[in-house]
file protein07.txt (compact mmCIF, C-alpha atoms)
# COMPACT_ATOMS: atom_id res chain seq x y z
CA GLY A 246 -2.89 6.55 22.66
CA LYS A 247 -0.98 8.24 25.46
CA LYS A 248 1.30 11.11 24.59
CA LEU A 249 4.92 9.98 24.31
CA ALA A 250 7.44 11.65 26.58
CA GLN A 251 9.92 12.39 23.80
CA GLY A 252 12.73 13.33 26.17
CA ASN A 253 12.77 9.79 27.55
CA TYR A 254 13.56 8.13 24.21
CA ASP A 255 16.62 8.32 22.00
CA ALA A 256 15.09 6.58 18.98
CA TYR A 257 11.87 5.01 17.77
CA VAL A 258 11.42 1.69 15.98
CA LEU A 259 8.22 0.73 14.18
CA PRO A 260 8.58 -3.06 13.88
CA GLY A 261 7.18 -5.62 11.49
CA GLY A 262 3.78 -7.18 12.02
CA PHE A 263 0.27 -6.48 10.81
CA ALA A 264 -0.91 -3.31 12.53
CA TYR A 265 -4.72 -3.18 12.49
CA GLU A 266 -4.50 -6.44 10.48
CA ASP A 267 -3.53 -4.36 7.43
CA ARG A 268 -7.19 -3.38 7.04
CA SER A 269 -7.92 -1.19 4.01
CA ARG A 270 -4.25 -1.68 3.04
CA ALA A 271 -0.98 -2.28 4.83
CA GLY A 272 0.09 0.56 7.12
CA ILE A 273 -2.65 3.12 6.44
CA ILE A 274 -4.72 2.81 9.63
CA ALA A 275 -1.59 2.89 11.79
CA ALA A 276 -0.36 5.89 9.78
CA LEU A 277 -3.49 7.78 10.85
CA ASP A 278 -3.21 6.74 14.50
CA PRO A 279 -2.81 9.77 16.80
CA VAL A 280 0.52 8.42 18.10
CA MET A 281 2.07 9.10 14.69
CA GLU A 282 1.82 12.84 15.34
CA GLN A 283 4.28 12.31 18.19
CA ILE A 284 6.53 10.25 15.92
CA LYS A 285 6.48 13.03 13.33
CA GLN A 286 7.51 15.55 15.97
CA ALA A 287 10.35 13.32 17.11
CA ALA A 288 11.53 12.88 13.52
CA SER A 289 11.39 16.64 12.95
CA ALA A 290 13.52 17.10 16.07
CA GLY A 291 16.18 14.87 14.51
CA LYS A 292 15.61 11.71 16.52
CA PRO A 293 16.06 8.42 14.65
CA VAL A 294 12.85 6.74 13.47
CA ILE A 295 13.20 3.28 11.91
CA GLY A 296 10.38 1.47 10.12
CA ILE A 297 10.86 -2.24 9.36
CA CYS A 298 8.42 -4.11 7.08
CA ASN A 299 5.00 -3.05 8.43
CA GLY A 300 6.74 -0.10 10.05
CA CYS A 301 8.16 0.77 6.64
CA GLN A 302 4.67 0.71 5.15
CA VAL A 303 3.49 3.06 7.91
CA LEU A 304 6.31 5.54 7.29
CA VAL A 305 5.57 5.62 3.55
CA GLU A 306 1.86 6.17 4.22
CA THR A 307 2.60 9.00 6.67
CA GLY A 308 4.92 10.69 4.16
CA LEU A 309 7.85 10.58 6.60
CA ILE A 310 9.48 8.65 3.75
CA PRO A 311 10.79 10.07 1.51
CA GLY A 312 10.30 13.27 3.51
CA LEU A 313 8.73 15.98 1.38
CA ASP A 314 7.75 19.26 3.05
CA GLY A 315 4.59 18.70 5.04
CA ASN A 316 5.08 14.92 4.85
CA ILE A 317 3.19 14.77 1.57
CA LEU A 318 2.34 11.25 0.38
CA ALA A 319 4.76 10.42 -2.44
CA GLY A 320 4.57 6.68 -3.07
CA ALA A 321 3.07 3.33 -2.17
CA VAL A 322 4.01 -0.13 -0.95
CA ALA A 323 1.85 -2.42 -3.08
CA VAL A 324 1.08 -6.12 -3.35
CA ASN A 325 4.14 -8.25 -4.16
CA THR A 326 4.64 -9.42 -7.74
CA ARG A 327 7.29 -11.97 -8.56
CA LEU A 328 8.81 -11.00 -11.90
CA LYS A 329 11.01 -13.33 -13.94
CA GLY A 330 11.87 -13.02 -17.59
CA GLY A 331 9.36 -10.22 -18.00
CA LYS A 332 6.52 -12.42 -16.72
CA ILE A 333 4.63 -12.45 -13.43
CA ILE A 334 5.04 -15.89 -11.87
CA GLY A 335 3.32 -15.13 -8.56
CA THR A 336 1.77 -12.48 -6.34
CA GLY A 337 1.08 -11.90 -2.67
CA PHE A 338 2.78 -13.15 0.48
CA TYR A 339 6.38 -14.32 0.21
CA HIS A 340 8.80 -15.53 2.88
CA ASP A 341 12.47 -16.34 2.24
CA THR A 342 16.06 -15.27 2.85
CA VAL A 343 17.30 -12.43 0.66
CA TYR A 344 20.28 -10.08 0.46
CA ILE A 345 20.35 -6.30 0.42
CA GLN A 346 23.20 -3.98 -0.51
CA THR A 347 23.94 -0.51 0.77
CA THR A 348 23.62 1.91 -2.13
CA ALA A 349 24.59 5.10 -0.30
CA PRO A 350 27.88 6.09 1.38
CA ALA A 351 28.60 5.34 5.03
CA GLY A 352 26.96 7.84 7.35
CA ARG A 353 24.08 8.66 5.02
CA SER A 354 21.48 7.22 7.41
CA CYS A 355 21.12 6.29 11.06
CA VAL A 356 21.41 2.56 10.29
CA THR A 357 24.32 2.78 7.83
CA MET A 358 26.63 4.98 9.89
CA ASN A 359 29.71 2.78 9.39
CA LEU A 360 28.57 0.62 6.47
CA GLU A 361 30.54 1.26 3.31
CA LEU A 362 28.87 1.59 -0.08
CA GLY A 363 28.25 -1.88 -1.53
CA THR A 364 28.07 -3.77 1.78
CA VAL A 365 25.93 -6.92 1.42
CA ILE A 366 23.63 -7.81 4.33
CA PRO A 367 21.54 -11.01 4.66
CA ALA A 368 17.90 -10.57 5.65
CA THR A 369 14.55 -12.29 5.53
CA VAL A 370 11.36 -11.08 3.87
CA ALA A 371 7.91 -12.02 5.12
CA ASN A 372 5.18 -9.79 3.72
CA GLY A 373 2.40 -9.58 1.19
CA GLU A 374 2.79 -5.89 0.31
CA GLY A 375 6.44 -4.99 -0.14
CA ARG A 376 6.60 -3.61 -3.67
CA PHE A 377 7.70 0.03 -3.69
CA ILE A 378 5.91 2.19 -6.25
CA PHE A 379 7.28 5.72 -6.62
CA PRO A 380 7.27 8.13 -9.59
CA THR A 381 10.41 7.72 -11.68
CA ASP A 382 11.23 11.43 -11.67
CA LEU A 383 11.07 11.44 -7.87
CA LEU A 384 13.35 8.38 -7.70
CA VAL A 385 15.89 10.14 -9.91
CA GLU A 386 16.03 12.99 -7.41
CA LEU A 387 16.17 10.63 -4.40
CA ASP A 388 18.98 8.68 -6.05
CA LYS A 389 20.93 11.88 -6.65
CA ARG A 390 20.42 12.82 -3.01
CA GLN A 391 21.50 9.31 -1.88
CA GLN A 392 18.17 8.66 -0.15
CA ILE A 393 17.90 5.19 -1.69
CA ILE A 394 20.00 3.32 0.88
CA PHE A 395 19.24 -0.36 0.17
CA LYS A 396 18.61 -2.46 -2.93
CA TYR A 397 18.04 -6.18 -3.26
CA CYS A 398 21.03 -8.12 -4.55
CA THR A 399 22.50 -11.60 -4.83
CA GLU A 400 24.81 -12.99 -2.14
CA ALA A 401 27.70 -11.91 -4.38
CA GLY A 402 26.35 -8.35 -4.59
CA GLU A 403 24.82 -8.43 -8.08
CA LEU A 404 21.89 -6.02 -8.45
CA THR A 405 18.93 -7.28 -10.44
CA ASN A 406 15.20 -6.68 -10.39
CA GLU A 407 14.43 -10.33 -11.20
CA PHE A 408 12.84 -12.82 -8.85
CA PRO A 409 14.08 -14.28 -6.54
CA THR A 410 16.81 -11.63 -6.04
CA THR A 411 14.13 -8.94 -5.84
CA PRO A 412 11.33 -10.87 -4.11
CA ASN A 413 8.48 -8.43 -4.63
CA GLY A 414 8.90 -6.54 -7.92
CA ALA A 415 9.86 -3.28 -6.19
CA ILE A 416 10.74 -0.51 -8.64
CA TRP A 417 14.51 -0.38 -9.30
CA GLY A 418 14.86 -3.33 -6.88
CA ILE A 419 14.69 -0.86 -3.97
CA ALA A 420 14.61 -2.30 -0.45
CA GLY A 421 14.88 0.85 1.67
CA PHE A 422 14.97 4.66 1.83
CA CYS A 423 15.95 7.42 4.21
CA ASN A 424 14.67 10.98 4.55
CA PRO A 425 16.82 14.04 3.64
CA ALA A 426 18.37 14.28 7.12
CA GLY A 427 19.04 10.53 7.30
CA ASN A 428 17.41 10.10 10.70
CA VAL A 429 14.24 8.47 9.32
CA VAL A 430 14.76 5.11 7.63
CA ALA A 431 12.28 2.61 6.15
CA TYR A 432 13.11 -0.80 4.71
CA MET A 433 11.04 -3.90 3.94
CA PRO A 434 13.33 -6.86 4.76
CA HIS A 435 14.14 -8.05 8.29
CA PRO A 436 17.94 -8.03 8.80
CA GLU A 437 17.35 -8.15 12.57
CA ARG A 438 15.97 -11.69 12.27
CA LEU A 439 19.40 -13.02 11.29
CA GLU A 440 22.41 -12.97 13.57
CA ARG A 441 24.70 -11.57 10.86
CA GLY A 442 22.18 -9.00 9.61
CA GLY A 443 20.49 -6.94 12.28
CA ASP A 444 23.45 -6.45 14.60
CA SER A 445 25.26 -4.31 12.07
CA LEU A 446 22.28 -1.98 11.56
CA PHE A 447 21.53 -1.46 15.23
CA ASN A 448 25.22 -1.06 16.08
CA ASN A 449 25.24 1.67 13.46
CA LEU A 450 22.24 3.26 15.17
CA ARG A 451 24.26 3.35 18.39
CA ALA A 452 27.11 5.08 16.55
CA TRP A 453 24.65 7.62 15.08
CA LEU A 454 23.25 8.39 18.53
CA GLU A 455 26.75 8.92 19.91
CA GLN A 456 27.73 11.36 17.15
CA SER A 457 25.36 11.81 14.24
CA PRO A 458 26.70 13.50 11.09
CA LYS A 459 25.19 16.78 10.00
CA HIS A 460 23.73 16.59 6.51
CA GLU A 461 23.27 19.79 4.54
CA PRO A 462 19.54 20.58 4.72
CA TYR A 463 17.61 20.59 1.47
CA THR A 464 14.04 20.40 0.19
CA ILE A 465 12.98 17.67 -2.22
CA GLN A 466 11.95 19.54 -5.36
CA TRP A 467 9.53 16.94 -6.77
CA LYS A 468 5.87 18.02 -6.65
CA ALA A 469 2.89 15.68 -6.38
CA GLU A 470 0.14 16.01 -8.94
CA SER A 471 -3.45 16.59 -7.86
CA THR A 472 -5.50 13.44 -7.46
CA VAL A 473 -8.52 13.38 -9.76
CA VAL A 474 -11.50 11.16 -8.99
CA GLY A 475 -13.60 10.78 -12.11
CA ALA A 476 -16.91 9.06 -12.75
CA TYR A 477 -17.03 5.29 -13.19
CA GLU A 478 -18.26 4.01 -16.53
CA CYS A 479 -18.89 0.44 -17.60
CA ALA A 480 -19.59 -0.87 -21.12
CA LYS A 481 -22.73 -2.80 -22.02
CA ASN A 482 -20.89 -6.08 -22.47
CA CYS A 483 -19.70 -5.98 -18.87
CA LEU A 484 -21.20 -7.86 -15.93
CA GLN A 485 -20.90 -6.17 -12.54
CA LEU A 486 -21.12 -7.98 -9.22
CA TYR A 487 -21.16 -6.25 -5.83
CA VAL A 488 -20.18 -8.81 -3.22
CA GLU A 489 -20.63 -8.22 0.51
CA LEU A 490 -19.96 -10.27 3.62
CA MET A 491 -22.92 -11.71 5.50
CA ILE A 492 -20.99 -11.21 8.74
CA THR A 493 -19.39 -8.08 10.19
CA ASP A 494 -16.81 -6.55 7.88
CA ASN A 495 -14.00 -5.67 10.27
CA ALA A 496 -12.07 -3.74 7.63
CA ALA A 497 -15.01 -1.40 7.01
CA LYS A 498 -15.61 -0.98 10.73
CA THR A 499 -11.95 -0.12 11.32
CA VAL A 500 -12.00 2.52 8.58
CA GLU A 501 -15.27 3.88 9.96
CA LEU A 502 -13.83 4.16 13.48
CA ALA A 503 -10.64 5.83 12.22
CA LEU A 504 -12.70 8.44 10.34
CA GLN A 505 -15.03 9.02 13.29
CA GLN A 506 -12.01 9.55 15.56
CA LYS A 507 -10.95 12.28 13.14
CA GLY A 508 -14.36 13.93 13.60
CA TYR A 509 -16.22 12.71 10.51
CA ALA A 510 -19.85 11.69 11.09
CA VAL A 511 -19.90 8.87 8.57
CA MET A 512 -20.84 5.20 8.34
CA VAL A 513 -18.68 2.93 6.18
CA THR A 514 -19.52 -0.28 4.38
CA ARG A 515 -17.44 -2.17 1.86
CA LYS A 516 -18.08 -4.52 -1.04
CA THR A 517 -15.85 -6.43 -3.41
CA HIS A 518 -16.51 -5.33 -6.97
CA TRP A 519 -16.10 -7.60 -9.98
CA GLU A 520 -16.22 -6.32 -13.52
CA VAL A 521 -16.45 -9.24 -15.96
CA TRP A 522 -15.98 -8.25 -19.59
CA HIS A 523 -17.59 -10.80 -21.88
CA GLU A 524 -17.98 -11.21 -25.61
CA GLU A 525 -21.12 -9.66 -27.04
CA LEU A 526 -22.35 -13.08 -28.19
CA VAL A 527 -23.29 -13.92 -24.56
CA SER A 528 -27.08 -14.03 -24.90
CA ASP A 529 -28.11 -15.62 -21.59
CA LEU A 530 -26.73 -13.04 -19.15
CA LYS A 531 -28.59 -14.57 -16.20
CA GLY A 532 -27.09 -17.97 -16.94
CA PHE A 533 -23.66 -16.42 -17.49
CA THR A 534 -23.91 -14.69 -14.11
CA GLN A 535 -24.86 -17.93 -12.38
CA THR A 536 -21.91 -19.68 -13.99
CA MET A 537 -19.59 -16.99 -12.63
CA VAL A 538 -21.05 -17.38 -9.14
CA ASP A 539 -20.99 -21.19 -9.23
CA SER A 540 -17.28 -21.19 -10.14
CA GLY A 541 -16.45 -20.05 -6.61
CA GLU A 542 -13.78 -17.72 -7.97
CA LEU A 543 -15.70 -14.47 -7.41
CA LEU A 544 -17.35 -15.16 -4.06
CA ASN A 545 -17.96 -17.75 -1.37
CA THR A 546 -21.74 -18.16 -1.20
CA HIS A 547 -21.50 -19.64 2.31
CA LYS A 548 -20.46 -16.28 3.73
CA GLU A 549 -21.01 -13.74 0.95
CA ARG A 550 -23.93 -12.50 -1.14
CA TYR A 551 -24.07 -10.43 -4.28
CA THR A 552 -26.10 -7.96 -6.27
CA ASP A 553 -25.59 -6.37 -9.67
CA THR A 554 -26.40 -2.81 -8.54
CA LYS A 555 -24.89 -0.33 -6.11
CA ILE A 556 -26.61 0.82 -2.92
CA VAL A 557 -29.32 3.42 -3.59
CA ASN A 558 -29.29 6.11 -0.90
CA PRO A 559 -29.00 9.87 -1.56
CA LYS A 560 -26.76 10.22 1.51
CA THR A 561 -24.40 7.46 0.40
CA VAL A 562 -21.36 8.02 -1.82
CA SER A 563 -19.91 4.94 -3.54
CA LEU A 564 -16.25 4.90 -4.56
CA LEU A 565 -14.65 2.16 -6.64
CA VAL A 566 -10.98 1.57 -5.80
CA ARG A 567 -8.79 -0.74 -7.88
CA PHE A 568 -5.09 -1.46 -8.10
CA ALA A 569 -3.77 0.15 -11.26
CA ASP A 570 -2.13 -3.11 -12.39
CA ASP A 571 -4.86 -5.45 -10.99
CA PHE A 572 -2.93 -8.70 -11.26
CA GLU A 573 -5.58 -10.52 -9.23
CA GLY A 574 -8.33 -9.79 -11.74
CA LYS A 575 -6.14 -11.03 -14.58
CA ALA A 576 -5.33 -14.23 -12.66
CA VAL A 577 -9.02 -14.97 -12.03
CA ALA A 578 -9.80 -14.41 -15.72
CA ASP A 579 -7.07 -16.88 -16.71
CA THR A 580 -8.39 -19.45 -14.21
CA LEU A 581 -11.95 -19.20 -15.52
CA ARG A 582 -10.76 -19.59 -19.10
CA THR A 583 -8.38 -22.50 -18.52
CA ARG A 584 -9.88 -24.48 -15.63
CA PHE A 585 -13.55 -23.85 -16.37
CA GLY A 586 -13.31 -23.50 -20.15
CA LEU A 587 -15.19 -20.18 -20.21
CA LYS A 588 -13.99 -18.79 -23.53
CA GLY A 589 -16.39 -15.85 -23.58
CA ILE A 590 -14.49 -13.87 -20.93
CA ALA A 591 -12.50 -11.00 -22.38
CA ASN A 592 -11.14 -9.63 -19.08
CA ILE A 593 -11.89 -9.29 -15.38
CA HIS A 594 -11.20 -6.39 -13.03
CA LYS A 595 -11.37 -6.66 -9.24
CA GLY A 596 -11.90 -3.71 -6.95
CA VAL A 597 -13.36 -2.53 -3.68
CA VAL A 598 -16.42 -0.32 -3.36
CA TRP A 599 -16.32 1.92 -0.30
CA GLU A 600 -19.79 3.19 0.64
CA LEU A 601 -19.76 6.33 2.78
CA THR A 602 -23.09 7.28 4.33
CA PHE A 603 -23.18 10.80 5.78
CA GLU A 604 -25.60 12.24 8.33
CA SER A 605 -25.88 15.60 6.59
CA ASP A 606 -28.85 16.36 4.33
CA ASP A 607 -26.84 19.04 2.54
CA ALA A 608 -25.22 17.74 -0.68
CA ALA A 609 -22.58 20.48 -0.63
CA GLU A 610 -21.60 19.52 2.92
CA ARG A 611 -21.37 15.84 1.94
CA ASN A 612 -19.08 16.78 -0.95
CA ARG A 613 -16.89 18.82 1.37
CA LEU A 614 -16.57 15.95 3.81
CA LEU A 615 -15.85 13.51 0.99
CA THR A 616 -13.05 15.75 -0.31
CA GLU A 617 -11.45 15.90 3.14
CA ILE A 618 -11.73 12.13 3.63
CA LEU A 619 -10.09 11.48 0.26
CA GLN A 620 -7.19 13.70 1.32
CA THR A 621 -6.48 11.37 4.26
CA HIS A 622 -5.80 8.60 1.67
CA ILE A 623 -7.48 6.10 3.97
CA LEU A 624 -9.53 4.64 1.10
CA PHE A 625 -6.88 4.51 -1.62
CA ASN A 626 -3.27 5.32 -2.43
CA PRO A 627 -3.12 7.26 -5.74
CA PHE A 628 0.35 5.90 -6.54
CA SER A 629 -0.83 2.29 -6.69
CA GLN A 630 -4.61 2.54 -7.01
CA ASP A 631 -7.31 4.24 -9.08
CA CYS A 632 -10.49 5.66 -7.62
CA LYS A 633 -13.77 6.35 -9.42
CA LEU A 634 -17.08 7.74 -8.24
CA ILE A 635 -20.00 5.42 -8.98
CA VAL A 636 -22.91 7.64 -9.95
call {"tool": "encode", "arguments": {"input": "protein07.txt", "output": "structure tokens"}}
result
Amino acid sequence: GKKLAQGNYDAYVLPGGFAYEDRSRAGIIAALDPVMEQIKQAASAGKPVIGICNGCQVLVETGLIPGLDGNILAGAVAVNTRLKGGKIIGTGFYHDTVYIQTTAPAGRSCVTMNLELGTVIPATVANGEGRFIFPTDLLVELDKRQQIIFKYCTEAGELTNEFPTTPNGAIWGIAGFCNPAGNVVAYMPHPERLERGGDSLFNNLRAWLEQSPKHEPYTIQWKAESTVVGAYECAKNCLQLYVELMITDNAAKTVELALQQKGYAVMVTRKTHWEVWHEELVSDLKGFTQTMVDSGELLNTHKERYTDTKIVNPKTVSLLVRFADDFEGKAVADTLRTRFGLKGIANIHKGVVWELTFESDDAAERNRLLTEILQTHILFNPFSQDCKLIV
């Protein structure tokens, strides 16, 4: 995109929506867009940057939230889970009215300039990936530093991490954060969609712009651990299915283009990966496989095809990425057991196989490029997902 003339803007708002159709995962492609380098510079210069819903996801993926040195990735915004009584009663997209409460003193952030601690604000939520996942030891530090600025609550101000008060299962019921300086803010709900919600936040932004408080500078002490990508292993009593679209996979093409724009000569394809754990007494594996396919739960044969082996190409690296909690795989397993009466299924895991095909004939060069690509986090977020190399 065109370079932003930073002197012409007082603040920047990354609104809700579905940037790049949330391909790969919500916020990541937009986070790698060249325009975000300008946003980072503006944030570093002290200008307010506000991320709402999809904008929040982008700011987390860029590392502008919570704001470690070098904008190191420190957390994830994962698929919603509706938790009640210790049980998951639903996942995915959710749209409703909620309430959030300020959990930091007035003036801590650019949208809470004159909002006292404990102020309740009505808002709406409308997203599929709004569940904050951050390391507990990092959250302890952020809480001490008052960087957790919003939590979900009841209309009366009661804090609870139960659905429907917390609509997405976010850790600690968190709805929003700020960075150390308070000028960068990210929150998932949409107060601006309600007459009594958004006005207060944007009026506070005006007050911040007129005379922003000076927060004592500090460095977040928490350190991220190195991400380790091990080799994928599957037991003998496990059926694997690699499912690919018969039509163009726009998600793969978007990831491929984003990597090529960063200078990587790579082609990207993507497959859904199913790992079906069955009891050892399953003797007719071919028939068992056909039963899985015919159920319609693992693929749509009108637009998808499958194989039980990975692509064989010495220039292609295959990476299996799965959500660490994989609620979708568990739900499919329950459906096959209850609706289809398939008692031989022990468990099911769902994942995505990213296939990266490099131009280079040099294995060492391919490994170098792979390492750099993994560091962009475009293929997986280590705080919500696991990644394994399929060898």
call {"tool": "atom_distance", "arguments": {"input": "protein07.txt", "atom1": "atom CA of Ile623 of chain A", "atom2": "atom CA of Glu573 of chain A"}}
result
21.3 Å
call {"tool": "residues_around", "arguments": {"input": "protein07.txt", "residues": "Gly352 of chain A", "least_positions_apart": "4", "cutoff": "9 Å", "atoms": "all atoms listed in the file", "output": "ChimeraX atom specification"}}
result
/A:356-361,427,449,453,457-458
call {"tool": "closest_residue", "arguments": {"input": "protein07.txt", "among": "A:Thr621, A:Thr517, A:Asn428, A:Gln456", "to": "Ala276 of chain A", "atoms": "all atoms listed in the file"}}
result
A:Thr621
call {"tool": "closest_residue", "arguments": {"input": "protein07.txt", "among": "A:Leu454, A:Asp571, A:Asn299, A:Leu304", "to": "Glu266 of chain A", "atoms": "all atoms listed in the file"}}
result
A:Asn299
call {"tool": "residues_near_point", "arguments": {"input": "protein07.txt", "point": "(-13.0, 9.9, -10.1)", "cutoff": "10 Å", "atoms": "only C-alpha atoms", "output": "ChimeraX atom specification"}}
result
/A:472-477,564-566,631-635
call {"tool": "closest_residue", "arguments": {"input": "protein07.txt", "among": "A:Arg390, A:Lys329, A:Lys285, A:His547", "to": "Thr464 of chain A", "atoms": "all atoms listed in the file"}}
result
A:Arg390
call {"tool": "atom_distance", "arguments": {"input": "protein07.txt", "atom1": "atom CA of Gly363 of chain A", "atom2": "atom CA of Ala420 of chain A"}}
result
13.7 Å
call {"tool": "residues_around", "arguments": {"input": "protein07.txt", "residues": "Ser629 of chain A", "least_positions_apart": "5", "cutoff": "8 Å", "atoms": "only C-alpha atoms", "output": "list in words"}}
result
Gly320, Ala321, Val322, Ala323, Ile378, Phe568, Ala569 and Asp570 of chain A
call {"tool": "closest_residue", "arguments": {"input": "protein07.txt", "among": "A:Ile273, A:Val636, A:Leu587, A:Ala503", "to": "Thr307 of chain A", "atoms": "all atoms listed in the file"}}
result
A:Ile273
call {"tool": "atom_distance", "arguments": {"input": "protein07.txt", "atom1": "atom CA of Ile393 of chain A", "atom2": "atom CA of Gly421 of chain A"}}
result
6.3 Å
call {"tool": "residues_around", "arguments": {"input": "protein07.txt", "residues": "Gly291 of chain A", "least_positions_apart": "2", "cutoff": "9 Å", "atoms": "all atoms listed in the file", "output": "ChimeraX atom specification"}}
result
/A:286-289,293-294,426-429
call {"tool": "write_last_selection", "arguments": {"input": "protein07.txt", "atoms": "C-alpha atoms", "output": "PDB file, in the frame of the given file"}}
result
ATOM      1  CA  GLN A 286       7.510  15.550  15.970  1.00  0.00           C
ATOM      2  CA  ALA A 287      10.350  13.320  17.110  1.00  0.00           C
ATOM      3  CA  ALA A 288      11.530  12.880  13.520  1.00  0.00           C
ATOM      4  CA  SER A 289      11.390  16.640  12.950  1.00  0.00           C
ATOM      5  CA  PRO A 293      16.060   8.420  14.650  1.00  0.00           C
ATOM      6  CA  VAL A 294      12.850   6.740  13.470  1.00  0.00           C
ATOM      7  CA  ALA A 426      18.370  14.280   7.120  1.00  0.00           C
ATOM      8  CA  GLY A 427      19.040  10.530   7.300  1.00  0.00           C
ATOM      9  CA  ASN A 428      17.410  10.100  10.700  1.00  0.00           C
ATOM     10  CA  VAL A 429      14.240   8.470   9.320  1.00  0.00           C
TER      11      VAL A 429
END
call {"tool": "closest_residue", "arguments": {"input": "protein07.txt", "among": "A:Arg268, A:Lys481, A:Arg451, A:Lys575", "to": "Leu502 of chain A", "atoms": "all atoms listed in the file"}}
result
A:Arg268
call {"tool": "residues_around", "arguments": {"input": "protein07.txt", "residues": "Lys507 of chain A", "least_positions_apart": "5", "cutoff": "12 Å", "atoms": "all atoms listed in the file", "output": "PyMOL selection string"}}
result
chain A and resi 274+277-279+500-502+614+617-618+621+623
call {"tool": "closest_residue", "arguments": {"input": "protein07.txt", "among": "A:Gln485, A:Asn316, A:Thr399, A:Gln302", "to": "Val538 of chain A", "atoms": "only C-alpha atoms"}}
result
A:Gln485
call {"tool": "residues_around", "arguments": {"input": "protein07.txt", "residues": "Ile366 of chain A", "least_positions_apart": "2", "cutoff": "12 Å", "atoms": "only C-alpha atoms", "output": "PyMOL selection string"}}
result
chain A and resi 342-348+357+360-364+368-369+395-402+420+434-446
call {"tool": "axis_aligned_box", "arguments": {"input": "protein07.txt", "around": "segment 618-625 of chain A", "padding_each_side": "4 Å", "output": "AutoDock Vina command-line options"}}
result
--center_x -8.8 --center_y 9.1 --center_z 1.3 --size_x 13.9 --size_y 17.2 --size_z 13.9
call {"tool": "decode", "arguments": {"input": "protein07.txt", "residues": "segment 378-390 of chain A", "atoms": "N, CA and C atoms", "output": "short mmCIF file (atom, residue, chain, number, x, y, z; two decimals), in the first residue's frame"}}
result
data_model
loop_
_atom_site.label_atom_id
_atom_site.label_comp_id
_atom_site.auth_asym_id
_atom_site.auth_seq_id
_atom_site.Cartn_x
_atom_site.Cartn_y
_atom_site.Cartn_z
N ILE A 378 -5.67 -16.02 24.26
CA ILE A 378 -4.81 -17.02 24.88
C ILE A 378 -3.44 -16.37 25.10
N PHE A 379 -3.08 -16.19 26.36
CA PHE A 379 -1.78 -15.62 26.72
C PHE A 379 -1.21 -16.45 27.87
N PRO A 380 0.11 -16.58 27.96
CA PRO A 380 0.71 -17.29 29.09
C PRO A 380 0.33 -16.66 30.42
N THR A 381 0.04 -17.48 31.40
CA THR A 381 -0.42 -16.98 32.69
C THR A 381 0.61 -16.07 33.35
N ASP A 382 1.89 -16.44 33.27
CA ASP A 382 2.91 -15.60 33.91
C ASP A 382 3.02 -14.24 33.23
N LEU A 383 2.76 -14.17 31.94
CA LEU A 383 2.72 -12.87 31.27
C LEU A 383 1.51 -12.07 31.74
N LEU A 384 0.36 -12.72 31.85
CA LEU A 384 -0.85 -12.02 32.30
C LEU A 384 -0.68 -11.45 33.70
N VAL A 385 0.01 -12.17 34.57
CA VAL A 385 0.27 -11.67 35.92
C VAL A 385 1.03 -10.35 35.85
N GLU A 386 2.02 -10.29 34.98
CA GLU A 386 2.80 -9.06 34.83
C GLU A 386 1.95 -7.95 34.21
N LEU A 387 1.16 -8.29 33.18
CA LEU A 387 0.32 -7.28 32.54
C LEU A 387 -0.73 -6.74 33.51
N ASP A 388 -1.25 -7.62 34.36
CA ASP A 388 -2.23 -7.19 35.35
C ASP A 388 -1.59 -6.23 36.36
N LYS A 389 -0.39 -6.55 36.79
CA LYS A 389 0.33 -5.68 37.72
C LYS A 389 0.60 -4.32 37.08
N ARG A 390 0.85 -4.32 35.80
CA ARG A 390 1.14 -3.07 35.08
C ARG A 390 -0.12 -2.37 34.60
#
